[in-house]
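Next comes start-v8.txt, a file with compact mmCIF, C-alpha atoms.
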# COMPACT_ATOMS: atom_id res chain seq x y z
CA MET A 1 -26.81 -29.05 32.52
CA LYS A 2 -25.29 -25.60 32.80
CA ASP A 3 -26.20 -23.29 35.68
CA PRO A 4 -28.49 -20.52 34.23
CA ASP A 5 -26.68 -17.90 36.31
CA GLU A 6 -23.33 -18.97 34.92
CA THR A 7 -24.65 -18.89 31.36
CA GLN A 8 -25.95 -15.39 31.94
CA ASP A 9 -22.57 -14.34 33.36
CA VAL A 10 -20.79 -15.62 30.27
CA GLU A 11 -23.16 -13.77 27.95
CA LYS A 12 -22.70 -10.51 29.86
CA LEU A 13 -18.94 -10.88 29.73
CA ARG A 14 -19.06 -11.63 26.01
CA ARG A 15 -21.14 -8.52 25.33
CA GLY A 16 -18.72 -6.47 27.37
CA LEU A 17 -15.75 -7.78 25.39
CA HIS A 18 -17.45 -7.05 22.07
CA ALA A 19 -18.18 -3.51 23.18
CA LEU A 20 -14.54 -2.99 24.11
CA VAL A 21 -13.21 -4.40 20.84
CA ASP A 22 -15.53 -2.15 18.84
CA GLU A 23 -13.91 0.92 20.33
CA VAL A 24 -11.12 2.36 18.20
CA GLU A 25 -9.12 3.41 21.23
CA PRO A 26 -10.13 1.55 24.43
CA ARG A 27 -10.48 3.70 27.54
CA GLY A 28 -7.57 3.60 29.93
CA ASP A 29 -9.71 2.00 32.67
CA ALA A 30 -11.30 -0.60 30.36
CA LEU A 31 -9.28 -3.56 31.63
CA PRO A 32 -9.62 -2.79 35.39
CA ARG A 33 -13.39 -2.29 35.01
CA LEU A 34 -13.75 -5.56 33.13
CA LEU A 35 -11.75 -7.55 35.68
CA ALA A 36 -13.57 -5.98 38.63
CA ALA A 37 -16.96 -6.84 37.14
CA ARG A 38 -15.78 -10.35 36.50
CA GLN A 39 -14.60 -10.73 40.12
CA ARG A 40 -17.94 -9.56 41.50
CA ARG A 41 -19.80 -12.20 39.49
CA SER A 42 -17.45 -15.00 40.51
CA ARG A 43 -18.00 -15.16 44.28
CA ARG A 44 -19.17 -18.76 44.27
CA PRO A 45 -16.97 -21.57 42.91
CA SER A 46 -17.21 -21.90 39.15
CA ARG A 47 -18.19 -25.15 37.47
CA ARG A 48 -17.63 -23.62 34.04
CA PRO A 49 -15.76 -25.86 31.58
CA LEU A 50 -12.02 -25.30 31.31
CA LEU A 51 -12.32 -24.25 27.66
CA THR A 52 -14.65 -21.36 28.53
CA ALA A 53 -12.32 -20.14 31.27
CA ALA A 54 -9.37 -20.32 28.92
CA GLY A 55 -11.29 -18.32 26.32
CA VAL A 56 -12.02 -15.57 28.85
CA GLY A 57 -8.33 -15.43 29.75
CA VAL A 58 -7.31 -15.10 26.09
CA ALA A 59 -9.89 -12.38 25.48
CA ALA A 60 -8.75 -10.43 28.53
CA SER A 61 -5.15 -10.75 27.33
CA ALA A 62 -6.20 -9.40 23.93
CA VAL A 63 -7.80 -6.37 25.57
CA LEU A 64 -4.60 -5.85 27.57
CA LEU A 65 -2.54 -5.95 24.35
CA VAL A 66 -4.86 -3.44 22.68
CA ALA A 67 -4.61 -1.15 25.72
CA LEU A 68 -0.82 -1.40 25.71
CA SER A 69 -0.67 -0.64 21.98
CA VAL A 70 -2.22 2.80 22.51
CA VAL A 71 -0.06 3.90 25.41
CA PRO A 72 0.63 7.63 24.95
CA GLY A 73 4.06 8.24 23.48
CA ALA A 74 4.52 4.70 22.18
CA SER A 75 3.87 5.79 18.59
CA ASP A 76 6.57 8.45 18.88
CA ARG A 77 9.34 5.89 18.85
CA ARG A 78 10.80 5.55 15.35
CA ALA A 79 12.92 2.62 14.26
CA GLU A 80 16.02 3.00 12.16
CA PRO A 81 15.34 2.78 8.39
CA VAL A 82 15.51 -0.78 7.12
CA SER A 83 14.95 -2.30 3.70
CA VAL A 84 11.47 -3.44 2.77
CA ALA A 85 11.46 -7.20 2.22
CA PRO A 86 13.04 -8.56 0.15
CA GLY A 87 15.09 -5.36 -0.04
CA SER A 88 17.88 -6.91 -2.06
CA TYR A 89 19.15 -6.95 -5.60
CA VAL A 90 21.53 -9.23 -7.46
CA ALA A 91 24.61 -7.94 -9.27
CA ALA A 92 27.89 -9.12 -10.71
CA PRO A 93 30.48 -7.37 -8.50
CA GLU A 94 33.20 -9.34 -10.24
CA PRO A 95 33.00 -10.34 -13.92
CA ASP A 96 32.23 -14.00 -13.16
CA THR A 97 30.46 -13.71 -9.78
CA LEU A 98 26.82 -13.18 -8.77
CA ALA A 99 25.98 -11.81 -5.32
CA SER A 100 23.03 -10.18 -3.55
CA PHE A 101 23.21 -6.72 -1.96
CA ASP A 102 20.98 -4.72 0.37
CA VAL A 103 19.34 -2.00 -1.68
CA LEU A 104 19.55 0.64 1.08
CA THR A 105 22.81 -0.07 2.85
CA GLY A 106 24.80 -1.43 -0.10
CA GLU A 107 26.10 -4.29 2.03
CA ARG A 108 26.68 -7.64 0.37
CA ARG A 109 24.28 -10.27 1.69
CA GLU A 110 25.20 -13.50 -0.03
CA LEU A 111 27.47 -14.95 -2.67
CA LEU A 112 25.07 -16.63 -5.09
CA ALA A 113 27.33 -18.26 -7.64
CA GLU A 114 30.70 -18.28 -9.34
CA LEU A 115 30.39 -18.61 -13.11
CA ASP A 116 32.69 -20.11 -15.70
CA ALA A 117 32.85 -16.93 -17.78
CA PRO A 118 32.24 -13.17 -17.46
CA VAL A 119 28.67 -11.87 -17.42
CA ARG A 120 27.46 -9.97 -20.47
CA GLY A 121 24.53 -7.56 -20.36
CA GLY A 122 21.92 -7.30 -17.65
CA LEU A 123 20.60 -9.91 -15.25
CA ALA A 124 17.08 -11.26 -14.73
CA ALA A 125 15.37 -12.80 -11.72
CA ASP A 126 12.19 -14.75 -11.07
CA GLY A 127 11.53 -15.69 -7.45
CA ASN A 128 14.66 -17.40 -6.13
CA ARG A 129 16.15 -17.96 -9.58
CA VAL A 130 18.66 -15.69 -11.28
CA TYR A 131 19.43 -15.67 -15.00
CA ALA A 132 22.56 -14.33 -16.65
CA THR A 133 24.27 -14.30 -20.03
CA VAL A 134 27.90 -15.40 -20.06
CA ALA A 135 30.38 -15.22 -22.91
CA THR A 136 31.26 -18.43 -24.76
CA ALA A 137 33.14 -19.32 -27.92
CA GLY A 138 31.03 -18.37 -30.91
CA GLY A 139 28.35 -16.52 -28.97
CA SER A 140 26.98 -16.60 -25.46
CA GLU A 141 25.08 -18.83 -23.09
CA VAL A 142 22.11 -18.18 -20.82
CA VAL A 143 22.61 -19.76 -17.40
CA VAL A 144 20.25 -20.10 -14.45
CA VAL A 145 21.20 -20.14 -10.78
CA GLY A 146 18.66 -21.89 -8.58
CA PRO A 147 18.19 -22.22 -4.82
CA ASP A 148 21.09 -24.69 -4.68
CA ARG A 149 23.41 -21.87 -5.88
CA ILE A 150 24.64 -23.92 -8.83
CA ALA A 151 24.82 -22.29 -12.27
CA ARG A 152 23.39 -24.49 -15.03
CA PRO A 153 23.33 -23.82 -18.80
CA LEU A 154 19.89 -23.06 -20.19
CA ALA A 155 20.34 -21.99 -23.81
CA HIS A 156 23.03 -21.06 -26.32
CA ARG A 157 22.88 -17.81 -28.28
CA ASP A 158 24.73 -17.37 -31.56
CA GLY A 159 24.56 -13.59 -31.72
CA ALA A 160 25.76 -10.79 -29.47
CA GLU A 161 22.33 -9.92 -28.06
CA THR A 162 22.01 -9.65 -24.28
CA ALA A 163 18.35 -8.70 -23.67
CA LEU A 164 17.02 -11.05 -20.99
CA ALA A 165 13.92 -11.23 -18.78
CA ALA A 166 12.14 -13.68 -16.48
CA GLY A 167 8.83 -13.92 -14.67
CA GLY A 168 5.98 -16.30 -13.93
CA GLY A 169 8.21 -19.34 -14.42
CA ARG A 170 9.26 -18.20 -17.89
CA VAL A 171 12.47 -16.79 -19.30
CA ALA A 172 12.77 -14.76 -22.50
CA TYR A 173 15.93 -13.79 -24.32
CA ALA A 174 16.83 -12.10 -27.59
CA ASP A 175 18.73 -14.12 -30.15
CA ARG A 176 19.66 -12.61 -33.51
CA ASP A 177 16.40 -11.61 -35.28
CA GLY A 178 13.97 -12.93 -32.71
CA VAL A 179 12.95 -13.55 -29.11
CA VAL A 180 12.87 -17.03 -27.57
CA VAL A 181 10.50 -17.80 -24.68
CA GLU A 182 10.99 -20.91 -22.55
CA GLY A 183 9.33 -22.33 -19.46
CA ALA A 184 5.73 -22.99 -20.56
CA GLY A 185 5.59 -25.99 -22.88
CA GLN A 186 7.85 -26.08 -25.91
CA PRO A 187 10.19 -23.12 -26.48
CA ARG A 188 8.73 -20.65 -28.97
CA ARG A 189 10.47 -18.14 -31.18
CA ILE A 190 8.99 -14.75 -32.03
CA ALA A 191 10.52 -13.13 -35.09
CA THR A 192 11.65 -9.48 -35.00
CA PRO A 193 12.90 -9.05 -38.59
CA GLY A 194 15.06 -6.00 -39.17
CA ARG A 195 14.82 -4.83 -35.57
CA GLN A 196 17.16 -5.30 -32.65
CA VAL A 197 15.62 -6.16 -29.28
CA LEU A 198 16.81 -3.67 -26.65
CA ASP A 199 14.85 -4.91 -23.64
CA LEU A 200 12.34 -7.52 -22.54
CA ALA A 201 9.93 -7.98 -19.63
CA VAL A 202 7.78 -10.98 -18.63
CA ASP A 203 4.92 -10.65 -16.15
CA ASP A 204 3.59 -13.33 -13.79
CA ALA A 205 0.78 -14.21 -16.21
CA GLY A 206 3.19 -14.80 -19.09
CA ARG A 207 2.66 -11.58 -21.04
CA LEU A 208 5.77 -10.39 -22.85
CA ALA A 209 6.78 -6.77 -23.43
CA VAL A 210 9.39 -6.17 -26.14
CA LEU A 211 11.31 -2.93 -26.70
CA THR A 212 12.81 -2.77 -30.18
CA SER A 213 15.50 -0.57 -31.70
CA ASP A 214 12.90 1.60 -33.50
CA SER A 215 11.73 2.76 -30.03
CA ARG A 216 8.54 0.71 -30.22
CA ILE A 217 7.00 -1.32 -27.42
CA HIS A 218 5.11 -4.51 -28.29
CA VAL A 219 2.95 -6.37 -25.76
CA LEU A 220 2.28 -10.04 -26.47
CA ALA A 221 -0.32 -12.24 -24.82
CA PRO A 222 0.82 -15.52 -23.21
CA GLY A 223 1.57 -18.04 -25.95
CA ALA A 224 1.66 -15.47 -28.77
CA ALA A 225 3.96 -16.37 -31.65
CA GLU A 226 4.01 -13.04 -33.51
CA LEU A 227 5.25 -9.60 -32.51
CA GLY A 228 2.04 -7.82 -33.48
CA PRO A 229 1.44 -4.04 -33.67
CA PRO A 230 3.24 -1.77 -31.20
CA VAL A 231 1.57 -0.06 -28.27
CA GLU A 232 0.90 3.57 -29.14
CA VAL A 233 2.65 5.35 -26.28
CA PRO A 234 1.18 8.83 -25.58
CA PRO A 235 3.15 12.11 -25.58
CA VAL A 236 3.79 11.94 -21.83
CA ALA A 237 6.22 9.14 -22.57
CA ALA A 238 7.13 10.15 -26.12
CA CYS A 239 10.88 10.26 -25.46
CA ALA A 240 12.61 7.16 -26.72
CA PRO A 241 12.22 4.32 -24.17
CA ALA A 242 15.44 3.08 -22.61
CA ALA A 243 14.13 0.15 -20.53
CA LEU A 244 10.88 -1.42 -19.36
CA ALA A 245 9.40 -3.67 -16.67
CA TRP A 246 5.99 -4.98 -15.61
CA THR A 247 4.30 -3.47 -12.57
CA ASP A 248 0.78 -4.37 -11.38
CA GLY A 249 -0.35 -5.30 -14.89
CA ASP A 250 1.05 -2.15 -16.49
CA VAL A 251 4.30 -1.54 -18.36
CA ALA A 252 6.75 0.77 -16.59
CA VAL A 253 8.85 2.64 -19.14
CA LEU A 254 12.12 4.42 -18.39
CA THR A 255 12.64 7.42 -20.66
CA ALA A 256 14.50 10.69 -20.77
CA ALA A 257 12.62 13.46 -18.96
CA GLU A 258 13.21 15.92 -21.81
CA CYS A 259 13.32 14.96 -25.47
CA GLY A 260 15.81 16.71 -27.70
CA SER A 261 18.73 16.37 -30.02
CA SER A 262 21.25 16.09 -27.17
CA PRO A 263 21.09 13.19 -24.72
CA SER A 264 19.29 14.11 -21.51
CA SER A 265 20.76 13.48 -18.08
CA ARG A 266 17.29 13.49 -16.46
CA MET A 267 15.14 10.37 -16.52
CA ARG A 268 11.63 9.45 -15.45
CA ILE A 269 9.48 6.30 -15.18
CA THR A 270 6.03 6.33 -16.77
CA ALA A 271 3.43 3.60 -16.23
CA VAL A 272 1.64 2.72 -19.46
CA ASP A 273 -1.44 0.55 -19.91
CA GLY A 274 -0.27 -2.57 -21.73
CA ASP A 275 -3.46 -2.81 -23.80
CA SER A 276 -4.33 0.74 -24.78
CA GLY A 277 -1.00 2.52 -24.33
CA ALA A 278 -2.68 5.12 -22.13
CA ALA A 279 -0.39 6.73 -19.59
CA ILE A 280 -1.31 5.68 -16.04
CA GLY A 281 1.08 8.17 -14.46
CA GLY A 282 4.40 9.86 -15.03
CA GLY A 283 6.99 9.61 -12.28
CA VAL A 284 9.11 12.42 -10.93
CA PRO A 285 12.16 13.28 -13.08
CA PHE A 286 15.51 12.55 -11.47
CA GLU A 287 19.08 13.49 -12.30
CA THR A 288 21.37 10.71 -13.55
CA GLY A 289 24.59 12.67 -13.89
CA GLY A 290 24.94 11.88 -17.57
CA ALA A 291 23.23 10.30 -20.54
CA VAL A 292 21.95 6.72 -20.20
CA ALA A 293 22.15 4.43 -23.23
CA PRO A 294 19.36 1.84 -23.69
CA ASP A 295 21.79 -1.05 -23.91
CA GLN A 296 23.52 0.01 -20.69
CA VAL A 297 20.57 0.37 -18.29
CA GLN A 298 18.09 -1.95 -16.64
CA LEU A 299 14.76 -1.28 -14.93
CA SER A 300 13.31 -3.71 -12.38
CA VAL A 301 10.50 -3.55 -9.82
CA ASP A 302 10.06 -5.31 -6.47
CA ARG A 303 6.88 -6.70 -4.91
CA VAL A 304 5.99 -3.41 -3.19
CA GLY A 305 6.27 -1.33 -6.35
CA ARG A 306 9.71 0.24 -5.92
CA TYR A 307 11.93 0.60 -9.01
CA LEU A 308 15.63 -0.07 -9.30
CA VAL A 309 17.33 1.79 -12.14
CA SER A 310 20.80 0.34 -12.69
CA VAL A 311 23.41 1.45 -15.24
CA ALA A 312 26.38 -0.65 -16.34
CA ASP A 313 28.89 1.95 -15.13
CA GLY A 314 27.69 1.57 -11.54
CA ARG A 315 25.13 4.38 -11.25
CA GLN A 316 21.96 3.19 -9.52
CA TRP A 317 18.79 4.71 -8.07
CA LEU A 318 15.90 3.45 -5.97
CA VAL A 319 12.66 5.11 -7.10
CA ASP A 320 9.79 4.88 -4.61
CA GLY A 321 7.01 7.19 -5.76
CA ALA A 322 8.35 10.74 -5.53
CA ASP A 323 11.31 9.60 -3.43
CA VAL A 324 14.47 8.95 -5.46
CA ARG A 325 17.68 7.97 -3.72
CA PRO A 326 21.04 6.84 -5.09
CA VAL A 327 22.05 3.22 -4.49
CA ALA A 328 25.67 2.39 -3.76
CA ARG A 329 27.55 0.57 -6.49
CA ALA A 330 27.74 -3.21 -5.98
CA CYS A 331 31.34 -3.83 -4.94
CA THR A 332 33.37 -6.49 -3.15
CA GLU A 333 37.05 -6.91 -2.42
CA GLY A 334 37.51 -8.24 -5.95
CA GLY A 335 35.94 -5.36 -7.83
CA CYS A 336 32.72 -3.53 -8.69
CA ALA A 337 29.82 -4.36 -10.99
CA SER A 338 30.13 -3.41 -14.63
CA VAL A 339 26.75 -4.74 -15.81
CA PRO A 340 23.26 -3.59 -14.72
CA ALA A 341 21.73 -5.18 -11.59
CA THR A 342 18.15 -6.28 -10.90
CA PHE A 343 15.82 -6.72 -7.93
CA TRP A 344 15.87 -10.24 -6.58
CA GLY A 345 14.18 -12.38 -3.93

Kindly present the structure from the file in structure tokens form.
Amino acid sequence: MKDPDETQDVEKLRRGLHALVDEVEPRGDALPRLLAARQRRSRRPSRRPLLTAAGVGVAASAVLLVALSVVPGASDRRAEPVSVAPGSYVAAPEPDTLASFDVLTGERRELLAELDAPVRGGLAADGNRVYATVATAGGSEVVVVGPDRIARPLAHRDGAETALAAGGGRVAYADRDGVVVEGAGQPRRIATPGRQVLDLAVDDAGRLAVLTSDSRIHVLAPGAAELGPPVEVPPVAACAPAALAWTDGDVAVLTAAECGSSPSSRMRITAVDGDSGAAIGGGVPFETGGAVAPDQVQLSVDRVGRYLVSVADGRQWLVDGADVRPVARACTEGGCASVPATFWG
């Protein structure tokens, strides 16, 4: 049977600890006062179980850590800027090579794969898998690079289309007058008669966003087999879309910042509700240094909501809210990327 005095001591100590934890910023003398009170109540030998004593020690250590975390001046120390995880993107620095690069420093992180043919068009990524289109006789081939860093053929394309996207375990690619979706049951083909597919995006739930050559955006539910009516994009994003990506259930659309007869060198990213087409918000315009063609640019988003805008000629920008910064071109000793890059990891 436990000693009533000891039980009372434990309860008092517990209440004291709870009171200290409830404080947002513990007083500077909190730990000394707690230990002194504990010492006064422990004059006779303790028969308290070892587990209880260990718990008191852990709690006291926690209070010490909290006290240390609010030492004046500690919050003034600022670390050097580092990339937010994963903080990397994948590019083709050489025509037949895939590698990952740090999005802030531009340093190459890892050689992912060497391919049998040059990359055509943009890249796509889903988790630790990277998808690319490579040139072949009579068309092109979609290949996938997995965690083992081996490139394997996935599908053959007869036409010259290069639109490619991946997400949620699925991959979608344009092929002649349609879009093929693989990865969830049997491959399905969605017809796009008379319209070229400029860009594709697949979200984690399997929804597909399709940008066609008539500047229309179509959003398809998982498993849909028809293109369906386009999303009516509001005036805030009325300039012709150049690229799109999924972000938090909405469609992020890259457009020119000013619409007109001459190509604009200023771009912006607008979030659009995938169901209603309502604009969720228009991003800050940023200067691109020249016109950006839809078939030469790619838009991707990472897990913390940052955008990577990548152009085939090497121009790249990291868009994080109102902060827009240029990203160094993906280069190695063997050359520099000549196709758009995408977030990866």

(request) May I ask which of the residues A:Ala271, A:Val309, A:Ala124, A:Val219 is the closest one to Thr288 of chain A, counting all atoms listed in the file? (result) A:Val309

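You can rank A:Ala135, A:Leu98, A:Val103, A:Val130 by their closest distance to Val327 of chain A using all atoms listed in the file, and at the top of that list sits A:Val103.
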
(message) Could you check the closest approach to Gly249 of chain A for each of A:Val272, A:Cys336, A:Met267, A:Val171 and tell me which residue wins, using all atoms listed in the file?
(response)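 Smallest distance to Gly249 of chain A is found for A:Val272.
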
(message) Given all atoms listed in the file as the basis, pick out the residue of A:Ala201, A:Ala125, A:Ile190, A:Val144 nearest to Gly228 of chain A.
(response) A:Ile190

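The nearest approach to Gly122 of chain A among the residues A:Gly345, A:Pro294, A:Pro241, A:Pro222, with all atoms listed in the file taken into account, belongs to A:Pro294.
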
(request) Work out how far atom CA of Thr247 of chain A is from atom CA of Tyr173 of chain A, in Å to one decimal. (result)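 So the answer is 19.5 Å.
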